[in-house]
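**Q** Let me begin by handing over the structure; questions about it come next.
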Amino acid sequence: MREYKIYLASALFICLSAVKLCFPQIPAQLRRETAEILCSERDYGATVQALGRSLAQGRLEDRLVQVLEYIGPHGGQSIPSQESLNTPIVSDTGDADLEDRESDTLQAVEDPLPDNVSLDVPRLPFEYSCPVTGTVSSCFGSREDPLDSEPGFHYGTDFAADSGDGVLAFAQGVVSAAGTDEGYGNYCIIEHSEGYSTLYAHLSECVVREGQEVEMGQLIGYVGQTGRATGPHLHFELSCNGMYLDPENYL
Amino acid sequence: MNNERFSVGTGAILLAALIYFVADLDKILALLVPVLVHELGHVFTIRLLGLRINGFRVELKGFCIRYCGEAGAMGHALAAAAGPLWGLIYAMTASFLARHYGSSWLELSAGVSLLLSLFNLLPALPLDGGRVLYALASPFFGEAAAAKMVNISSLAVGAALLAMGAYLMFNGCGLAMELAAVWLLAYTGLDINRQKQREII
C-alpha cells in the first residue's frame, strides 16, 4: 500500500517536471493567475524580501509600519491614479526641480511622508532587473541632506559604485529624457509601460538619446558624480504616474 | 494512528506537486529551507530535552512530530517554541549574510522565516503558539481547562484572521490572508484530544 503511493507520487512529479521543461509557458501562466488570486495587485514576494532585508539593517519597525500601511485605511490605493500626476519628475529649468524638492523638505519636517510618495509595493507589470552592481549607500525615505545637513526626503535609492561602472536599464521602455541638471547631473529617464518610469542620475556619461527604445539590462550610461553628489554613485528613482515608490523593494 | 516513522499524507503530496509545478525552484527553496530549519529546531530541542521521537508525519495541515516522554510543562512549552525560535535565529542570520553577500535569495528566505515564525507563535491550536499556551496553562488550571482555553483562543485568533483577511480581500490585497484563516479554523480544535502522544506542528 505504501509503495504504491510512493510510485504514484514519483510518477506525478516526473510528469510535472516533463511538462514544466517542455512547456514552460504553462507554469508561468498558472503562476500569474495564482498570484492574481492570492495577492491581487500586491507584490508579497517583494514585501517579504524587504522584511528579510530590514532585519539586518535594524529597520524592521519601518518595514512593519509599511506592512501595516497595507492593512490600514490607505491600503486600497495601491496603484497611484492618474490624478496624482502633479509633480513633474524633472522640470525644464534646471534647478527649479531642486527647489521643488526643498519646499517639500519643509513639509517633510511636519509630515514624514510627502504626498507624492507611496509606501505601497505594487506588482510591476513588466520584467525588471537591477540597474547597477553596488551596495545601497542611502535608502529611500526621510534623511538629512548629506551636503547641507538639512532634513529632507530622498526620493530614490543611492547605490555606491565605482566611476565608470555600467548602468543598465531597469526594464524595457523608451528614453523620455536625457540631459543635464544642476542637481541630478547627467541623468536619463526611461518610461516603461502603464505609467511607470525610472530615473538614473549623477551619470558620468549617458549613452542613450531621447526617444530611443531600450531593452531590460541594456547599457544606458556610466556611474559618475555629476551634479549634487558627494562621491560616485547611482541615484535611482522609480515612480508610477508621479508617485514615488521605494526602488529597494524591487532590487 | 499511523505507526510508520515517517509518512506523508496524500493531500501534502498533491499540494507539494502543485507548488512544484507553479513556483520557480529558487522560490520553492526559499520556502523549504526555513520550513526545514523550523522542523529541525523542534527535533533538536526534543532530543536535547531527552524525549523520544516516535514519528514524523507530513500532512496538509503541516508537519507533525510525534514524541513521548515527560519533560514537565516548561519542557513541552520549550519543545513547541523551539521551531519559531530557531526560525527567528535563522531569519537574523540569513538577513545578515544577505547583507554581507548581497544575495536576494537569502533576503527572501529570511523574510519567509520571519513570517513563518511569527505566524506559528499565534496562540491557536495547530500552531506552535497554541501548544506553548497549552503546555504552560495545564499545570495551573488542569489539562481539561487548559484545553478549553486553547480552543477558545484558537477560535478567537481564527476569527480575527478571518476578519482581517476579509478586509484585505475587499481592499484588493488578494486571498492570501483569508486562506490562512480558513486553514487555521478548519484545523482548530481538531487535535486537542491527543494528549497522551503530544504532537508539534
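Each chain in the C-alpha cells gets a letter, A, B and so on, in the order shown; residues start at 1 in every chain, and ligands are counted from 1 in the order they appear.
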Which residues, written as a list of chain:residue names, have at least one atom at most 12 Å from Gly50 of chain B, with only C-alpha atoms counted and residues fewer than 6 positions away on the same chain left out?

**A**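 Final neighbour list, sorted by chain and number: B:Val43, B:Phe44, B:Tyr67, B:Cys68, B:Gly69, B:Glu70, B:Ala71, B:Gly72, B:Gly75, B:His76, B:Ala79.
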
**Q** Using the selection just defined, write its residues with C-alpha atoms as a JSON list (two decimals), in the first residue's frame.

**A**
```
[["chain", "number", "residue", "atom", "x", "y", "z"],
["B", 43, "VAL", "CA", 13.66, 17.81, 16.57],
["B", 44, "PHE", "CA", 16.94, 19.11, 18.00],
["B", 67, "TYR", "CA", 7.10, 12.28, 20.58],
["B", 68, "CYS", "CA", 6.68, 10.88, 24.06],
["B", 69, "GLY", "CA", 8.30, 11.18, 27.45],
["B", 70, "GLU", "CA", 7.97, 13.52, 30.39],
["B", 71, "ALA", "CA", 9.74, 16.85, 30.39],
["B", 72, "GLY", "CA", 7.46, 18.98, 32.56],
["B", 75, "GLY", "CA", 9.96, 21.27, 28.61],
["B", 76, "HIS", "CA", 6.90, 20.79, 26.43],
["B", 79, "ALA", "CA", 9.82, 21.92, 22.52]]
```

**Q** Give the alpha helix (DSSP H) residues of segment 32-199 of chain B, as DSSP finds them on the backbone, and put them as a PyMOL selection string.

**A** chain B and resi 32-48+72-101+104-120+128-141+143-170+176-187

**Q** Would you mind telling me which residue in A:Lys20, A:His154, A:Lys5, A:Arg53 lies nearest to Ser113 of chain B when using only C-alpha atoms?

**A**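 Under the stated criterion, the closest residue is A:Arg53.
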
**Q** Can you measure atom CA of Leu119 of chain A to atom CA of Leu234 of chain A for me? One decimal in Å is fine.

**A**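 Atom CA of Leu234 of chain A lies 21.4 Å from atom CA of Leu119 of chain A.
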
**Q** Could you name the residues that touch His38 of chain B at 6 Å or less, counting only C-alpha atoms, but leaving out those on the same chain fewer than 3 positions away, as a PyMOL selection string?

**A** chain B and resi 35+41+83+87

**Q** Kindly save the residues from that selection, with N, CA and C atoms included, as a short mmCIF file (atom, residue, chain, number, x, y, z; two decimals), in the first residue's frame.

**A**
```cif
data_model
loop_
_atom_site.label_atom_id
_atom_site.label_comp_id
_atom_site.auth_asym_id
_atom_site.auth_seq_id
_atom_site.Cartn_x
_atom_site.Cartn_y
_atom_site.Cartn_z
N VAL B 35 11.33 26.18 6.42
CA VAL B 35 10.49 25.13 7.00
C VAL B 35 11.35 24.04 7.61
N GLY B 41 14.61 22.52 14.26
CA GLY B 41 14.65 23.19 15.55
C GLY B 41 13.86 22.41 16.59
N GLY B 83 10.73 25.62 17.38
CA GLY B 83 10.65 25.83 15.93
C GLY B 83 10.69 27.30 15.56
N GLY B 87 13.60 29.50 13.88
CA GLY B 87 13.25 30.23 12.66
C GLY B 87 13.68 31.68 12.74
#
```

**Q** Smallest atom-to-atom distance to Ala94 of chain B: which of B:Ala16, B:Met177, B:Leu108, B:Ala82, using only C-alpha atoms?

**A**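 Looking at the shortest contact to Ala94 of chain B, the residue is B:Leu108.
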
**Q** Quick one: pick out all strand (DSSP E or B) residues within chain B from a backbone DSSP run and write them as a ChimeraX atom specification.

**A** /B:6-8,52-59,62-68,198-200

**Q** Take the residues just selected and output them with C-alpha atoms as a PDB file, in the first residue's frame.

**A**
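Produced file part_13.pdb, reproduced below:
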```pdb
ATOM      1  CA  PHE B   6       7.938   8.846   8.521  1.00  0.00           C
ATOM      2  CA  SER B   7       4.775   9.236   6.494  1.00  0.00           C
ATOM      3  CA  VAL B   8       3.331  11.687   4.045  1.00  0.00           C
ATOM      4  CA  ARG B  52      11.873  10.184  22.293  1.00  0.00           C
ATOM      5  CA  ILE B  53      10.596  10.905  18.795  1.00  0.00           C
ATOM      6  CA  ASN B  54       8.098   8.312  17.592  1.00  0.00           C
ATOM      7  CA  GLY B  55       7.352   9.542  14.141  1.00  0.00           C
ATOM      8  CA  PHE B  56       7.235  12.330  11.650  1.00  0.00           C
ATOM      9  CA  ARG B  57       4.191  12.986   9.549  1.00  0.00           C
ATOM     10  CA  VAL B  58       3.636  15.483   6.750  1.00  0.00           C
ATOM     11  CA  GLU B  59       0.006  16.328   6.174  1.00  0.00           C
ATOM     12  CA  GLY B  62       1.523  20.845   8.311  1.00  0.00           C
ATOM     13  CA  PHE B  63       4.331  18.848   9.837  1.00  0.00           C
ATOM     14  CA  CYS B  64       3.625  16.689  12.888  1.00  0.00           C
ATOM     15  CA  ILE B  65       6.340  15.340  15.112  1.00  0.00           C
ATOM     16  CA  ARG B  66       5.044  12.673  17.481  1.00  0.00           C
ATOM     17  CA  TYR B  67       7.100  12.283  20.584  1.00  0.00           C
ATOM     18  CA  CYS B  68       6.680  10.876  24.059  1.00  0.00           C
ATOM     19  CA  ARG B 198       1.820  15.077  22.021  1.00  0.00           C
ATOM     20  CA  GLU B 199       2.250  16.485  18.574  1.00  0.00           C
ATOM     21  CA  ILE B 200       4.030  19.532  17.348  1.00  0.00           C
TER      22      ILE B 200
END
```

**Q** Would you pick out the contacts of Val150 of chain B at 7 Å or less, using only C-alpha atoms, so that residues sharing its chain but fewer than 5 positions from it are not included, and give the list as a list of chain:residue names?

**A**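 Non-adjacent residues within range: B:Ala124, B:Leu125, B:Gly130, B:Leu133, B:Tyr134.
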
**Q** Restrict the calculation to only C-alpha atoms, then for each residue of chain B with any atom at most 10 Å from an atom of chain A give the closest atom pair and their distance in Å to one decimal, rows by chain and rising residue number, as a Markdown table.

**A**
```
| residue | atom | partner | partner_atom | distance |
| --- | --- | --- | --- | --- |
| B:Ser7 | CA | A:Arg2 | CA | 9.1 |
| B:Val8 | CA | A:Lys5 | CA | 9.5 |
| B:Gly9 | CA | A:Lys5 | CA | 9.6 |
| B:Thr10 | CA | A:Lys5 | CA | 8.3 |
| B:Ile13 | CA | A:Ala9 | CA | 6.9 |
| B:Leu14 | CA | A:Ala9 | CA | 8.4 |
| B:Ala16 | CA | A:Phe13 | CA | 9.3 |
| B:Ala17 | CA | A:Phe13 | CA | 6.4 |
| B:Leu18 | CA | A:Leu16 | CA | 8.9 |
| B:Ile19 | CA | A:Arg31 | CA | 9.5 |
| B:Tyr20 | CA | A:Leu16 | CA | 8.1 |
| B:Phe21 | CA | A:Pro27 | CA | 6.1 |
| B:Val22 | CA | A:Pro27 | CA | 4.9 |
| B:Ala23 | CA | A:Arg31 | CA | 6.5 |
| B:Asp24 | CA | A:Pro27 | CA | 8.9 |
| B:Lys27 | CA | A:Gly45 | CA | 9.1 |
| B:Ala91 | CA | A:Gly52 | CA | 6.9 |
| B:Met92 | CA | A:Leu55 | CA | 6.2 |
| B:Thr93 | CA | A:Ala56 | CA | 8.3 |
| B:Ala94 | CA | A:Gly52 | CA | 8.1 |
| B:Ser95 | CA | A:Ala56 | CA | 5.2 |
| B:Phe96 | CA | A:Ala56 | CA | 5.0 |
| B:Leu97 | CA | A:Ala56 | CA | 8.6 |
| B:Ala98 | CA | A:Arg53 | CA | 7.3 |
| B:Arg99 | CA | A:Ala56 | CA | 7.0 |
| B:His100 | CA | A:Ala56 | CA | 9.7 |
| B:Tyr101 | CA | A:Thr135 | CA | 10.0 |
| B:Gly102 | CA | A:Thr135 | CA | 7.8 |
| B:Ser103 | CA | A:Arg53 | CA | 9.7 |
| B:Ser104 | CA | A:Gln49 | CA | 7.3 |
| B:Trp105 | CA | A:Gln49 | CA | 8.2 |
| B:Leu106 | CA | A:Gly52 | CA | 8.0 |
| B:Glu107 | CA | A:Gly52 | CA | 4.8 |
| B:Leu108 | CA | A:Gln49 | CA | 4.1 |
| B:Ser109 | CA | A:Gly52 | CA | 7.2 |
| B:Ala110 | CA | A:Gly52 | CA | 4.6 |
| B:Gly111 | CA | A:Gly52 | CA | 3.7 |
| B:Val112 | CA | A:Val48 | CA | 6.3 |
| B:Ser113 | CA | A:Gly52 | CA | 8.3 |
| B:Leu114 | CA | A:Gly52 | CA | 7.2 |
| B:Leu115 | CA | A:Val48 | CA | 7.9 |
| B:Met164 | CA | A:Ile71 | CA | 8.2 |
| B:Gly165 | CA | A:Ile71 | CA | 9.5 |
| B:Tyr167 | CA | A:Ile71 | CA | 8.0 |
| B:Leu168 | CA | A:Ile71 | CA | 6.4 |
| B:Met169 | CA | A:Ser40 | CA | 8.5 |
| B:Phe170 | CA | A:Gly76 | CA | 8.4 |
| B:Asn171 | CA | A:Gly76 | CA | 4.8 |
| B:Gly172 | CA | A:Ser40 | CA | 5.8 |
| B:Cys173 | CA | A:Ser40 | CA | 5.3 |
| B:Gly174 | CA | A:Cys39 | CA | 4.1 |
| B:Leu175 | CA | A:Leu38 | CA | 4.5 |
| B:Ala176 | CA | A:Leu38 | CA | 4.8 |
| B:Met177 | CA | A:Leu38 | CA | 8.4 |
| B:Glu178 | CA | A:Leu38 | CA | 9.1 |
| B:Leu179 | CA | A:Leu38 | CA | 8.5 |
```

**Q** List the neighbours of Thr226 of chain A out to 12 Å using only C-alpha atoms; skip same-chain residues closer than 5 positions along the sequence, and give me the result as a list in words.

**A**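 Listing them by chain and then by number gives Ser163, Gly179, Thr180, Asp181, Glu182, Gly183, Tyr184, Gly185, Asn186, Tyr187, Tyr200, Ala201, His202, Leu203, Ser204, Glu205, Cys206, Gly231, Pro232, His233, Leu234 and His235 of chain A.
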
**Q** Given the choices A:Ser193, A:Ser239, A:Thr157, A:Thr198, which gets closest to Ala177 of chain A if the distance is worked out from only C-alpha atoms?

**A**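 The closest residue to Ala177 of chain A is A:Thr198.
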
**Q** Mind giving me the straight-line distance from atom CA of Arg209 of chain A to atom CA of Val175 of chain A in Å, one decimal?

**A**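 Computing it gives 6.8 Å between the two atoms.
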
**Q** List as an MDAnalysis selection string the protein and nucleic acid residues near Ala80 of chain B, meaning an atom at most 7 Å away when only C-alpha atoms are counted, but skip any in the same chain fewer than 5 places from it.

**A** chainID B and resid 42 128 131:132 200

**Q** Let me see the file: selected residues, N, CA and C atoms, as a tab-separated table (two decimals), in the first residue's frame.

**A**
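Listed below is the output, part_7.tsv:
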```
chain	number	residue	atom	x	y	z
B	42	HIS	N	12.65	21.95	16.19
B	42	HIS	CA	11.85	21.11	17.09
B	42	HIS	C	12.59	19.83	17.42
B	128	ASP	N	2.36	26.30	16.76
B	128	ASP	CA	3.21	26.11	17.94
B	128	ASP	C	2.76	26.97	19.11
B	131	ARG	N	0.31	25.31	21.29
B	131	ARG	CA	0.89	24.24	22.11
B	131	ARG	C	1.66	24.81	23.29
B	132	VAL	N	2.35	25.93	23.04
B	132	VAL	CA	3.06	26.58	24.14
B	132	VAL	C	2.03	27.00	25.21
B	200	ILE	N	3.59	18.16	17.59
B	200	ILE	CA	4.03	19.53	17.35
B	200	ILE	C	3.98	19.79	15.87
```

**Q** Please identify all polymer residues within 10 Å of Leu245 of chain A, counting only C-alpha atoms, omitting same-chain residues fewer than 4 positions from it, and present them as a list of chain:residue names.

**A**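 What passes the distance filter is A:Asn116, A:Val117, A:Ser118, A:Leu119, A:Asp120, A:Val121, A:Pro122, A:Phe140, A:Gly141, A:Tyr155, A:Gly156, A:Tyr196, A:Glu237, A:Leu238, A:Ser239, A:Cys240, A:Asn249, A:Tyr250.
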
**Q** To one decimal place in Å, what is the distance between atom CA of Gly195 of chain A and atom CA of Pro114 of chain A?

**A**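 Computing the Euclidean distance for atom CA of Gly195 of chain A and atom CA of Pro114 of chain A yields 19.7 Å.
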
**Q** Which one of B:Leu185, B:Ala81, B:Ala180, B:Ala147 sits closest to Thr45 of chain B if you count only C-alpha atoms?

**A**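 Counting only C-alpha atoms, the residue closest to Thr45 of chain B is B:Ala81.
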